Amino acid sequence: MNFEQVDRVRPLVWQNNHLLVLDQRELPHRQSHLVCRTSSEVAEAIHVLAVRGAPAIGIAGAFGVVLAAHAVQADTGAEALQRIDLELTALEQARPTAVNLRWAVQRMRSLLQAMGSDWREGVLSAAQAIQSEDLAANYRMGRFGADCLSEGARVMTHCNTGSLATAGFGTALGVIRAGIAIGRIAKIYASETRPWLQGSRLTIWELLQDGIPATLIIDSASAYLMQQGLIDAVIVGADRICANGDVANKIGTYAHALAAKAHGVKVMVVAPSSTIDMATASGTHIAIEQRPGTELTHIGGAEIGARAAAVYNPVFDITPATCIDFLVTERGVITHPDASKMAAIFGPLSSP
Ligand code: MRU
């Protein structure tokens, strides 16, 4: 499988001691980069969704730790860590739902704590390792997930889970790339993903860069397409997967999963183990990010509706484990995940 041929986009590049962020707010019309020189610039890039997608914000967070650390003078990693503690807390809190951000910053904290006088190079290598491990995990998940699909599968995906949302290749979109590469997928539907339009702006664009044709649908068309027998599998990513297998992902995922259950369509969730949160027992405990109402009322700066009395804009939802047929991680595939299957692979429920 030649993955490079079907994967050209990269959202985050470390260059000349800065983090270059492909600004996803501007896609697909403009490809421009933000240059982040401080950890607070990285936190802001995460907060405003210049970089988004659970694994990508984890990687950005790791490079944010590098920028914070490189700005201080210290003899050891532990000393550097002490000086940047508050900055790292702000970085971790740039977005609340995807666990990858907290996971990456915590991993960077513990590695830095143990580093000696060579901590400057060490902290950069630690961030680069998070990035390269993510790419490797995506390649593995691509193969595992594609093997679960039937020949000629017609698949639907939601949000953007591709190279833009990860170190490269993608999670759910990685499975779709791999499925295309081995000739197993006959048709791809991408839902537009209101209100931020990750599907129509990012997924369709990203697949176009790699010569993969996809059909755009509105989010609420998915049940109709399933009723017409046009979809065999819904393939999505995750922002957090709990100890019982419940999945937090982009708002609308739950509705697609319910429709899939009603029509005998398979539901596949694809995420690296950095998205697994064994300290959260079930989806009810996950903080769901709320974003400004202007994301609903405006498109490209133009107001599109009448003035609503109020706007409610939760941007993630919880799909119960009972709706999921395949949970794909780089460690393998769990069919019909539940607490005991999760514990067998990822260890027991831990304390937060
Ligand atoms: O708000 P976003 O665009 O960061 O939400 C992204 C998603 O919900 C993705 O499905 C998820 O992070 C997985 S990305 C591989």
# chains A, B, ... in the order shown; residues from 1 in each chain; ligands from 1
>>> closest_atom_pairs(of="chain A", to="ligand 1", cutoff="7 Å", atoms="only C-alpha atoms and all ligand atoms", output="tab-separated table")
residue	atom	partner	partner_atom_place_in_ligand_line	distance
A:Leu49	CA	ligand 1	4 (O)	6.8
A:Arg52	CA	ligand 1	4 (O)	4.0
A:Gly53	CA	ligand 1	12 (O)	3.6
A:Ala54	CA	ligand 1	12 (O)	3.7
A:Pro55	CA	ligand 1	15 (C)	5.9
A:Ala98	CA	ligand 1	12 (O)	6.6
A:His158	CA	ligand 1	10 (O)	6.9
A:Cys159	CA	ligand 1	10 (O)	5.3
A:Asn160	CA	ligand 1	10 (O)	5.8
A:Thr161	CA	ligand 1	15 (C)	3.7
A:Gly162	CA	ligand 1	15 (C)	6.1
A:Ala165	CA	ligand 1	14 (S)	4.9
A:Thr166	CA	ligand 1	15 (C)	5.7
A:Gly170	CA	ligand 1	15 (C)	5.9
A:Thr171	CA	ligand 1	15 (C)	5.1
A:Ala172	CA	ligand 1	15 (C)	6.8
A:Gln198	CA	ligand 1	3 (O)	6.2
A:Val236	CA	ligand 1	10 (O)	6.2
A:Gly237	CA	ligand 1	13 (C)	4.1
A:Ala238	CA	ligand 1	13 (C)	4.4
A:Asp239	CA	ligand 1	12 (O)	4.5
A:Asn249	CA	ligand 1	8 (O)	4.5
A:Lys250	CA	ligand 1	8 (O)	3.6
A:Ala271	CA	ligand 1	15 (C)	6.7
A:Val315	CA	ligand 1	1 (O)	6.5
A:Phe316	CA	ligand 1	8 (O)	6.7
>>> select_by_dssp(residues="segment 266-309 of chain A", states="alpha helix (DSSP H)", output="number ranges by chain")
A: 294-297
>>> residues_around(residues="Ile130 of chain A", least_positions_apart="6", cutoff="10 Å", atoms="only C-alpha atoms", output="PyMOL selection string")
chain A and resi 55+58-60+62-63+104+107-108+167+274
>>> write_last_selection(atoms="all heavy atoms", output="mmCIF file, in the first residue's frame")
data_model
loop_
_atom_site.group_PDB
_atom_site.id
_atom_site.type_symbol
_atom_site.label_atom_id
_atom_site.label_comp_id
_atom_site.auth_asym_id
_atom_site.auth_seq_id
_atom_site.Cartn_x
_atom_site.Cartn_y
_atom_site.Cartn_z
ATOM 1 N N PRO A 55 -6.093 14.595 17.516
ATOM 2 C CA PRO A 55 -4.645 14.325 17.534
ATOM 3 C C PRO A 55 -3.820 15.555 17.164
ATOM 4 O O PRO A 55 -2.764 15.797 17.754
ATOM 5 C CB PRO A 55 -4.484 13.220 16.478
ATOM 6 C CG PRO A 55 -5.844 12.580 16.407
ATOM 7 C CD PRO A 55 -6.810 13.702 16.588
ATOM 8 N N GLY A 58 -3.323 17.810 20.051
ATOM 9 C CA GLY A 58 -2.345 17.203 20.968
ATOM 10 C C GLY A 58 -0.919 17.487 20.501
ATOM 11 O O GLY A 58 -0.057 17.900 21.278
ATOM 12 N N ILE A 59 -0.686 17.300 19.205
ATOM 13 C CA ILE A 59 0.665 17.537 18.659
ATOM 14 C C ILE A 59 1.032 19.017 18.789
ATOM 15 O O ILE A 59 2.139 19.371 19.210
ATOM 16 C CB ILE A 59 0.729 17.068 17.178
ATOM 17 C CG1 ILE A 59 0.496 15.560 17.109
ATOM 18 C CG2 ILE A 59 2.051 17.469 16.536
ATOM 19 C CD1 ILE A 59 0.090 15.053 15.726
ATOM 20 N N ALA A 60 0.073 19.889 18.460
ATOM 21 C CA ALA A 60 0.327 21.338 18.593
ATOM 22 C C ALA A 60 0.652 21.661 20.050
ATOM 23 O O ALA A 60 1.578 22.439 20.339
ATOM 24 C CB ALA A 60 -0.893 22.131 18.116
ATOM 25 N N ALA A 62 2.030 19.733 22.248
ATOM 26 C CA ALA A 62 3.387 19.254 22.563
ATOM 27 C C ALA A 62 4.428 20.272 22.083
ATOM 28 O O ALA A 62 5.388 20.583 22.794
ATOM 29 C CB ALA A 62 3.619 17.889 21.912
ATOM 30 N N PHE A 63 4.237 20.812 20.872
ATOM 31 C CA PHE A 63 5.183 21.824 20.387
ATOM 32 C C PHE A 63 5.033 23.133 21.171
ATOM 33 O O PHE A 63 6.003 23.883 21.328
ATOM 34 C CB PHE A 63 5.022 22.045 18.876
ATOM 35 C CG PHE A 63 5.653 20.944 18.061
ATOM 36 C CD1 PHE A 63 4.871 20.021 17.381
ATOM 37 C CD2 PHE A 63 7.036 20.813 18.001
ATOM 38 C CE1 PHE A 63 5.445 18.987 16.643
ATOM 39 C CE2 PHE A 63 7.630 19.786 17.267
ATOM 40 C CZ PHE A 63 6.837 18.871 16.593
ATOM 41 N N ALA A 104 -1.137 14.932 25.701
ATOM 42 C CA ALA A 104 0.172 15.305 25.131
ATOM 43 C C ALA A 104 0.931 16.230 26.084
ATOM 44 O O ALA A 104 2.133 16.041 26.310
ATOM 45 C CB ALA A 104 -0.025 15.984 23.768
ATOM 46 N N ARG A 107 2.207 14.201 28.991
ATOM 47 C CA ARG A 107 3.353 13.351 28.615
ATOM 48 C C ARG A 107 4.620 14.209 28.518
ATOM 49 O O ARG A 107 5.682 13.809 28.985
ATOM 50 C CB ARG A 107 3.050 12.658 27.275
ATOM 51 C CG ARG A 107 4.226 11.873 26.742
ATOM 52 C CD ARG A 107 3.812 10.902 25.656
ATOM 53 N NE ARG A 107 4.865 10.782 24.652
ATOM 54 C CZ ARG A 107 4.840 9.918 23.662
ATOM 55 N NH1 ARG A 107 3.814 9.108 23.503
ATOM 56 N NH2 ARG A 107 5.823 9.863 22.797
ATOM 57 N N MET A 108 4.475 15.410 27.942
ATOM 58 C CA MET A 108 5.624 16.314 27.838
ATOM 59 C C MET A 108 6.095 16.730 29.228
ATOM 60 O O MET A 108 7.290 16.811 29.485
ATOM 61 C CB MET A 108 5.244 17.547 27.008
ATOM 62 C CG MET A 108 4.947 17.253 25.549
ATOM 63 S SD MET A 108 6.377 16.690 24.609
ATOM 64 C CE MET A 108 7.330 18.186 24.494
ATOM 65 N N ALA A 167 -1.281 14.010 12.586
ATOM 66 C CA ALA A 167 0.071 14.240 12.045
ATOM 67 C C ALA A 167 0.079 14.040 10.537
ATOM 68 O O ALA A 167 0.953 14.552 9.831
ATOM 69 C CB ALA A 167 1.040 13.264 12.685
ATOM 70 N N SER A 274 -4.088 7.652 22.185
ATOM 71 C CA SER A 274 -4.000 8.957 22.868
ATOM 72 C C SER A 274 -5.387 9.585 23.040
ATOM 73 O O SER A 274 -5.542 10.564 23.768
ATOM 74 C CB SER A 274 -3.093 9.911 22.090
ATOM 75 O OG SER A 274 -3.505 10.003 20.744
#
>>> residues_around(residues="Glu121 of chain A", least_positions_apart="2", cutoff="12 Å", atoms="only C-alpha atoms", output="short mmCIF file (atom, residue, chain, number, x, y, z; two decimals) with N, CA and C atoms, in the first residue's frame")
data_model
loop_
_atom_site.label_atom_id
_atom_site.label_comp_id
_atom_site.auth_asym_id
_atom_site.auth_seq_id
_atom_site.Cartn_x
_atom_site.Cartn_y
_atom_site.Cartn_z
N ASN A 17 12.78 26.62 14.55
CA ASN A 17 12.40 26.83 15.96
C ASN A 17 11.03 27.47 16.16
N VAL A 66 7.34 22.83 23.93
CA VAL A 66 8.72 23.10 23.48
C VAL A 66 8.97 24.61 23.45
N LEU A 67 8.02 25.36 22.87
CA LEU A 67 8.20 26.82 22.76
C LEU A 67 8.28 27.46 24.14
N ALA A 69 9.24 26.01 26.94
CA ALA A 69 10.48 25.59 27.62
C ALA A 69 11.70 26.31 27.02
N HIS A 70 11.73 26.40 25.69
CA HIS A 70 12.89 27.03 25.05
C HIS A 70 13.02 28.52 25.39
N THR A 76 18.15 22.14 34.40
CA THR A 76 17.57 20.80 34.21
C THR A 76 16.13 20.94 33.68
N GLY A 77 15.61 19.82 33.20
CA GLY A 77 14.23 19.81 32.72
C GLY A 77 13.25 20.16 33.84
N LEU A 112 9.84 15.96 30.57
CA LEU A 112 10.69 17.11 30.90
C LEU A 112 11.18 17.01 32.34
N MET A 115 14.30 15.06 32.63
CA MET A 115 15.46 15.37 31.77
C MET A 115 16.56 16.12 32.52
N GLY A 116 17.79 15.84 32.11
CA GLY A 116 18.94 16.51 32.74
C GLY A 116 19.36 17.74 31.95
N SER A 117 20.67 17.96 31.83
CA SER A 117 21.18 19.20 31.23
C SER A 117 20.89 19.29 29.72
N ASP A 118 20.61 18.13 29.09
CA ASP A 118 20.34 18.15 27.64
C ASP A 118 18.83 18.30 27.36
N TRP A 119 18.12 18.91 28.29
CA TRP A 119 16.66 18.97 28.16
C TRP A 119 16.19 19.77 26.94
N VAL A 123 13.41 17.95 24.87
CA VAL A 123 11.99 18.33 24.84
C VAL A 123 11.49 18.41 23.39
N LEU A 124 12.38 18.84 22.48
CA LEU A 124 11.98 18.89 21.07
C LEU A 124 11.80 17.47 20.53
N SER A 125 12.74 16.58 20.86
CA SER A 125 12.59 15.19 20.38
C SER A 125 11.31 14.57 20.92
N ALA A 126 10.93 14.93 22.15
CA ALA A 126 9.72 14.34 22.74
C ALA A 126 8.48 14.77 21.94
N ALA A 127 8.44 16.03 21.52
CA ALA A 127 7.29 16.50 20.72
C ALA A 127 7.30 15.84 19.34
N GLN A 128 8.50 15.74 18.76
CA GLN A 128 8.59 15.11 17.42
C GLN A 128 8.18 13.64 17.48
#
>>> residues_around(residues="Ile276 of chain A", least_positions_apart="2", cutoff="6 Å", atoms="only C-alpha atoms", output="list in words")
Arg240, Ile241, Ser273 and Ser274 of chain A
>>> select_by_dssp(residues="segment 298-330 of chain A", states="strand (DSSP E or B)", output="list in words")
His298, Ile299, Ala302, Glu303, Pro314, Phe316, Asp317, Ile318, Thr319, Phe326, Leu327, Val328 and Thr329 of chain A
>>> write_last_selection(atoms="N, CA and C atoms", output="PDB file, in the first residue's frame")
ATOM      1  N   HIS A 298     -23.825  33.227  11.529  1.00  0.00           N
ATOM      2  CA  HIS A 298     -23.049  33.886  10.471  1.00  0.00           C
ATOM      3  C   HIS A 298     -22.289  32.853   9.639  1.00  0.00           C
ATOM      4  N   ILE A 299     -22.159  33.149   8.346  1.00  0.00           N
ATOM      5  CA  ILE A 299     -21.248  32.365   7.511  1.00  0.00           C
ATOM      6  C   ILE A 299     -20.347  33.363   6.802  1.00  0.00           C
ATOM      7  N   ALA A 302     -21.142  37.011   7.257  1.00  0.00           N
ATOM      8  CA  ALA A 302     -22.478  37.523   6.888  1.00  0.00           C
ATOM      9  C   ALA A 302     -23.545  36.842   7.737  1.00  0.00           C
ATOM     10  N   GLU A 303     -24.471  37.648   8.265  1.00  0.00           N
ATOM     11  CA  GLU A 303     -25.551  37.097   9.078  1.00  0.00           C
ATOM     12  C   GLU A 303     -26.524  36.380   8.141  1.00  0.00           C
ATOM     13  N   PRO A 314     -23.530  23.468  21.236  1.00  0.00           N
ATOM     14  CA  PRO A 314     -22.588  22.439  21.717  1.00  0.00           C
ATOM     15  C   PRO A 314     -21.902  21.827  20.503  1.00  0.00           C
ATOM     16  N   PHE A 316     -19.797  19.065  20.377  1.00  0.00           N
ATOM     17  CA  PHE A 316     -19.555  17.612  20.386  1.00  0.00           C
ATOM     18  C   PHE A 316     -20.786  16.923  20.951  1.00  0.00           C
ATOM     19  N   ASP A 317     -20.904  15.631  20.702  1.00  0.00           N
ATOM     20  CA  ASP A 317     -21.949  14.854  21.371  1.00  0.00           C
ATOM     21  C   ASP A 317     -21.375  13.501  21.771  1.00  0.00           C
ATOM     22  N   ILE A 318     -22.203  12.719  22.464  1.00  0.00           N
ATOM     23  CA  ILE A 318     -21.724  11.420  22.962  1.00  0.00           C
ATOM     24  C   ILE A 318     -22.471  10.304  22.248  1.00  0.00           C
ATOM     25  N   THR A 319     -21.730   9.426  21.621  1.00  0.00           N
ATOM     26  CA  THR A 319     -22.327   8.228  21.034  1.00  0.00           C
ATOM     27  C   THR A 319     -22.086   7.068  22.005  1.00  0.00           C
ATOM     28  N   PHE A 326     -17.377  -1.309  15.418  1.00  0.00           N
ATOM     29  CA  PHE A 326     -15.918  -1.497  15.414  1.00  0.00           C
ATOM     30  C   PHE A 326     -15.252  -0.293  16.054  1.00  0.00           C
ATOM     31  N   LEU A 327     -14.411  -0.542  17.048  1.00  0.00           N
ATOM     32  CA  LEU A 327     -13.559   0.523  17.578  1.00  0.00           C
ATOM     33  C   LEU A 327     -12.131   0.175  17.158  1.00  0.00           C
ATOM     34  N   VAL A 328     -11.573   1.022  16.286  1.00  0.00           N
ATOM     35  CA  VAL A 328     -10.251   0.731  15.732  1.00  0.00           C
ATOM     36  C   VAL A 328      -9.219   1.646  16.383  1.00  0.00           C
ATOM     37  N   THR A 329      -8.210   1.070  17.003  1.00  0.00           N
ATOM     38  CA  THR A 329      -7.062   1.838  17.483  1.00  0.00           C
ATOM     39  C   THR A 329      -5.818   1.199  16.873  1.00  0.00           C
TER      40      THR A 329
END
>>> residues_around(residues="Pro292 of chain A", least_positions_apart="4", cutoff="9 Å", atoms="only C-alpha atoms", output="list of chain:residue names")
A:Leu296, A:Val311, A:Tyr312, A:Asn313
>>> closest_residue(among="A:Leu27, A:Ile288, A:Pro352, A:Leu230", to="Gly300 of chain A", atoms="only C-alpha atoms")
A:Leu27
>>> residues_around(residues="Ala257 of chain A", least_positions_apart="4", cutoff="10 Å", atoms="only C-alpha atoms", output="number ranges by chain")
A: 222-223, 233-236, 252-253, 261-263, 265-268, 319-320, 322-324
>>> atom_distance(atom1="atom CA of Gln93 of chain A", atom2="atom CA of Ser39 of chain A")
12.2 Å
>>> atom_distance(atom1="atom CA of Cys148 of chain A", atom2="atom CA of Tyr224 of chain A")
24.1 Å
>>> closest_residue(among="A:His18, A:Arg10, A:His285, A:Arg25", to="Leu202 of chain A", atoms="only C-alpha atoms")
A:Arg25
>>> atom_distance(atom1="atom CA of Ser191 of chain A", atom2="atom CA of Leu216 of chain A")
5.8 Å
>>> decode(residues="segment 126-255 of chain A", atoms="C-alpha atoms", output="mmCIF file, in the first residue's frame")
data_model
loop_
_atom_site.group_PDB
_atom_site.id
_atom_site.type_symbol
_atom_site.label_atom_id
_atom_site.label_comp_id
_atom_site.auth_asym_id
_atom_site.auth_seq_id
_atom_site.Cartn_x
_atom_site.Cartn_y
_atom_site.Cartn_z
ATOM 1 C CA ALA A 126 9.717 14.338 22.736
ATOM 2 C CA ALA A 127 7.287 16.503 20.720
ATOM 3 C CA GLN A 128 8.587 15.112 17.422
ATOM 4 C CA ALA A 129 8.047 11.599 18.783
ATOM 5 C CA ILE A 130 4.398 12.381 19.548
ATOM 6 C CA GLN A 131 4.001 13.584 15.953
ATOM 7 C CA SER A 132 5.699 10.592 14.338
ATOM 8 C CA GLU A 133 3.942 8.060 16.588
ATOM 9 C CA ASP A 134 0.620 9.557 15.545
ATOM 10 C CA LEU A 135 1.432 9.118 11.845
ATOM 11 C CA ALA A 136 2.526 5.520 12.445
ATOM 12 C CA ALA A 137 -0.660 4.818 14.439
ATOM 13 C CA ASN A 138 -2.752 6.201 11.581
ATOM 14 C CA TYR A 139 -1.102 3.894 9.049
ATOM 15 C CA ARG A 140 -1.800 0.885 11.292
ATOM 16 C CA MET A 141 -5.413 1.916 11.912
ATOM 17 C CA GLY A 142 -5.877 2.465 8.184
ATOM 18 C CA ARG A 143 -4.991 -1.162 7.497
ATOM 19 C CA PHE A 144 -7.021 -2.546 10.426
ATOM 20 C CA GLY A 145 -10.106 -0.499 9.599
ATOM 21 C CA ALA A 146 -10.028 -1.151 5.846
ATOM 22 C CA ASP A 147 -9.906 -4.902 6.548
ATOM 23 C CA CYS A 148 -13.254 -4.628 8.398
ATOM 24 C CA LEU A 149 -15.029 -3.198 5.321
ATOM 25 C CA SER A 150 -16.899 -5.299 2.820
ATOM 26 C CA GLU A 151 -15.873 -5.295 -0.886
ATOM 27 C CA GLY A 152 -17.278 -2.277 -2.727
ATOM 28 C CA ALA A 153 -18.241 -0.527 0.535
ATOM 29 C CA ARG A 154 -20.118 2.747 0.338
ATOM 30 C CA VAL A 155 -18.998 4.760 3.340
ATOM 31 C CA MET A 156 -20.009 7.981 5.012
ATOM 32 C CA THR A 157 -17.828 10.154 7.223
ATOM 33 C CA HIS A 158 -18.527 13.161 9.425
ATOM 34 C CA CYS A 159 -16.360 16.164 10.307
ATOM 35 C CA ASN A 160 -12.693 16.112 9.258
ATOM 36 C CA THR A 161 -10.518 13.310 10.579
ATOM 37 C CA GLY A 162 -7.844 13.383 7.919
ATOM 38 C CA SER A 163 -4.293 14.643 7.565
ATOM 39 C CA LEU A 164 -5.520 18.072 8.662
ATOM 40 C CA ALA A 165 -6.731 16.656 11.992
ATOM 41 C CA THR A 166 -3.671 14.516 12.761
ATOM 42 C CA ALA A 167 0.071 14.240 12.045
ATOM 43 C CA GLY A 168 -0.977 12.990 8.602
ATOM 44 C CA PHE A 169 -3.081 10.335 6.836
ATOM 45 C CA GLY A 170 -5.906 10.588 9.357
ATOM 46 C CA THR A 171 -7.963 8.300 11.556
ATOM 47 C CA ALA A 172 -11.404 7.660 10.026
ATOM 48 C CA LEU A 173 -10.225 9.337 6.829
ATOM 49 C CA GLY A 174 -7.077 7.188 7.050
ATOM 50 C CA VAL A 175 -9.274 4.070 6.950
ATOM 51 C CA ILE A 176 -11.048 5.576 3.945
ATOM 52 C CA ARG A 177 -7.682 6.370 2.264
ATOM 53 C CA ALA A 178 -6.495 2.819 2.941
ATOM 54 C CA GLY A 179 -9.828 1.417 1.686
ATOM 55 C CA ILE A 180 -9.396 3.399 -1.533
ATOM 56 C CA ALA A 181 -5.753 2.316 -1.865
ATOM 57 C CA ILE A 182 -6.719 -1.383 -1.704
ATOM 58 C CA GLY A 183 -9.793 -0.920 -3.915
ATOM 59 C CA ARG A 184 -12.312 -1.855 -1.249
ATOM 60 C CA ILE A 185 -14.310 1.387 -1.142
ATOM 61 C CA ALA A 186 -16.672 2.180 -4.006
ATOM 62 C CA LYS A 187 -18.178 5.448 -2.779
ATOM 63 C CA ILE A 188 -17.483 8.129 -0.156
ATOM 64 C CA TYR A 189 -20.085 10.497 1.283
ATOM 65 C CA ALA A 190 -18.867 13.393 3.433
ATOM 66 C CA SER A 191 -21.350 15.314 5.561
ATOM 67 C CA GLU A 192 -20.914 19.083 5.580
ATOM 68 C CA THR A 193 -20.646 19.261 9.417
ATOM 69 C CA ARG A 194 -22.566 22.317 10.518
ATOM 70 C CA PRO A 195 -21.800 24.825 11.784
ATOM 71 C CA TRP A 196 -18.051 25.072 11.173
ATOM 72 C CA LEU A 197 -18.190 23.038 7.928
ATOM 73 C CA GLN A 198 -15.239 20.755 8.582
ATOM 74 C CA GLY A 199 -16.762 18.338 6.042
ATOM 75 C CA SER A 200 -17.429 20.658 3.120
ATOM 76 C CA ARG A 201 -14.448 22.960 3.672
ATOM 77 C CA LEU A 202 -11.793 20.533 4.866
ATOM 78 C CA THR A 203 -12.609 16.871 4.128
ATOM 79 C CA ILE A 204 -13.698 17.475 0.552
ATOM 80 C CA TRP A 205 -10.667 19.761 -0.044
ATOM 81 C CA GLU A 206 -8.231 17.350 1.552
ATOM 82 C CA LEU A 207 -9.482 14.406 -0.492
ATOM 83 C CA LEU A 208 -9.334 16.530 -3.641
ATOM 84 C CA GLN A 209 -5.619 17.242 -2.982
ATOM 85 C CA ASP A 210 -5.077 13.496 -3.074
ATOM 86 C CA GLY A 211 -7.282 12.817 -6.093
ATOM 87 C CA ILE A 212 -9.994 11.021 -4.107
ATOM 88 C CA PRO A 213 -13.545 11.935 -5.179
ATOM 89 C CA ALA A 214 -16.165 12.324 -2.436
ATOM 90 C CA THR A 215 -19.832 13.293 -2.519
ATOM 91 C CA LEU A 216 -20.972 16.067 -0.203
ATOM 92 C CA ILE A 217 -24.273 15.728 1.694
ATOM 93 C CA ILE A 218 -25.942 17.863 4.324
ATOM 94 C CA ASP A 219 -25.746 16.405 7.823
ATOM 95 C CA SER A 220 -29.461 15.704 8.008
ATOM 96 C CA ALA A 221 -29.437 13.692 4.741
ATOM 97 C CA SER A 222 -27.629 10.736 6.303
ATOM 98 C CA ALA A 223 -30.742 8.912 7.579
ATOM 99 C CA TYR A 224 -32.412 9.286 4.165
ATOM 100 C CA LEU A 225 -29.394 7.870 2.353
ATOM 101 C CA MET A 226 -29.326 4.935 4.761
ATOM 102 C CA GLN A 227 -33.051 4.344 4.231
ATOM 103 C CA GLN A 228 -32.336 4.262 0.472
ATOM 104 C CA GLY A 229 -29.693 1.575 1.081
ATOM 105 C CA LEU A 230 -26.864 3.807 -0.145
ATOM 106 C CA ILE A 231 -24.495 3.539 2.843
ATOM 107 C CA ASP A 232 -22.798 0.417 4.230
ATOM 108 C CA ALA A 233 -20.676 1.976 6.971
ATOM 109 C CA VAL A 234 -20.379 5.213 8.936
ATOM 110 C CA ILE A 235 -16.704 5.835 9.725
ATOM 111 C CA VAL A 236 -15.875 8.575 12.242
ATOM 112 C CA GLY A 237 -13.084 9.695 14.540
ATOM 113 C CA ALA A 238 -13.249 10.584 18.239
ATOM 114 C CA ASP A 239 -12.224 13.335 20.621
ATOM 115 C CA ARG A 240 -12.392 11.132 23.678
ATOM 116 C CA ILE A 241 -13.259 7.482 24.272
ATOM 117 C CA CYS A 242 -14.272 6.563 27.816
ATOM 118 C CA ALA A 243 -13.534 3.468 29.853
ATOM 119 C CA ASN A 244 -16.911 1.959 28.865
ATOM 120 C CA GLY A 245 -16.408 2.667 25.135
ATOM 121 C CA ASP A 246 -18.662 5.758 24.918
ATOM 122 C CA VAL A 247 -17.371 8.181 22.301
ATOM 123 C CA ALA A 248 -17.305 11.983 22.258
ATOM 124 C CA ASN A 249 -17.066 13.278 18.708
ATOM 125 C CA LYS A 250 -18.277 16.135 16.524
ATOM 126 C CA ILE A 251 -21.899 17.131 17.085
ATOM 127 C CA GLY A 252 -24.085 15.062 14.782
ATOM 128 C CA THR A 253 -22.121 11.832 15.200
ATOM 129 C CA TYR A 254 -24.753 10.459 17.592
ATOM 130 C CA ALA A 255 -27.567 11.181 15.125
#
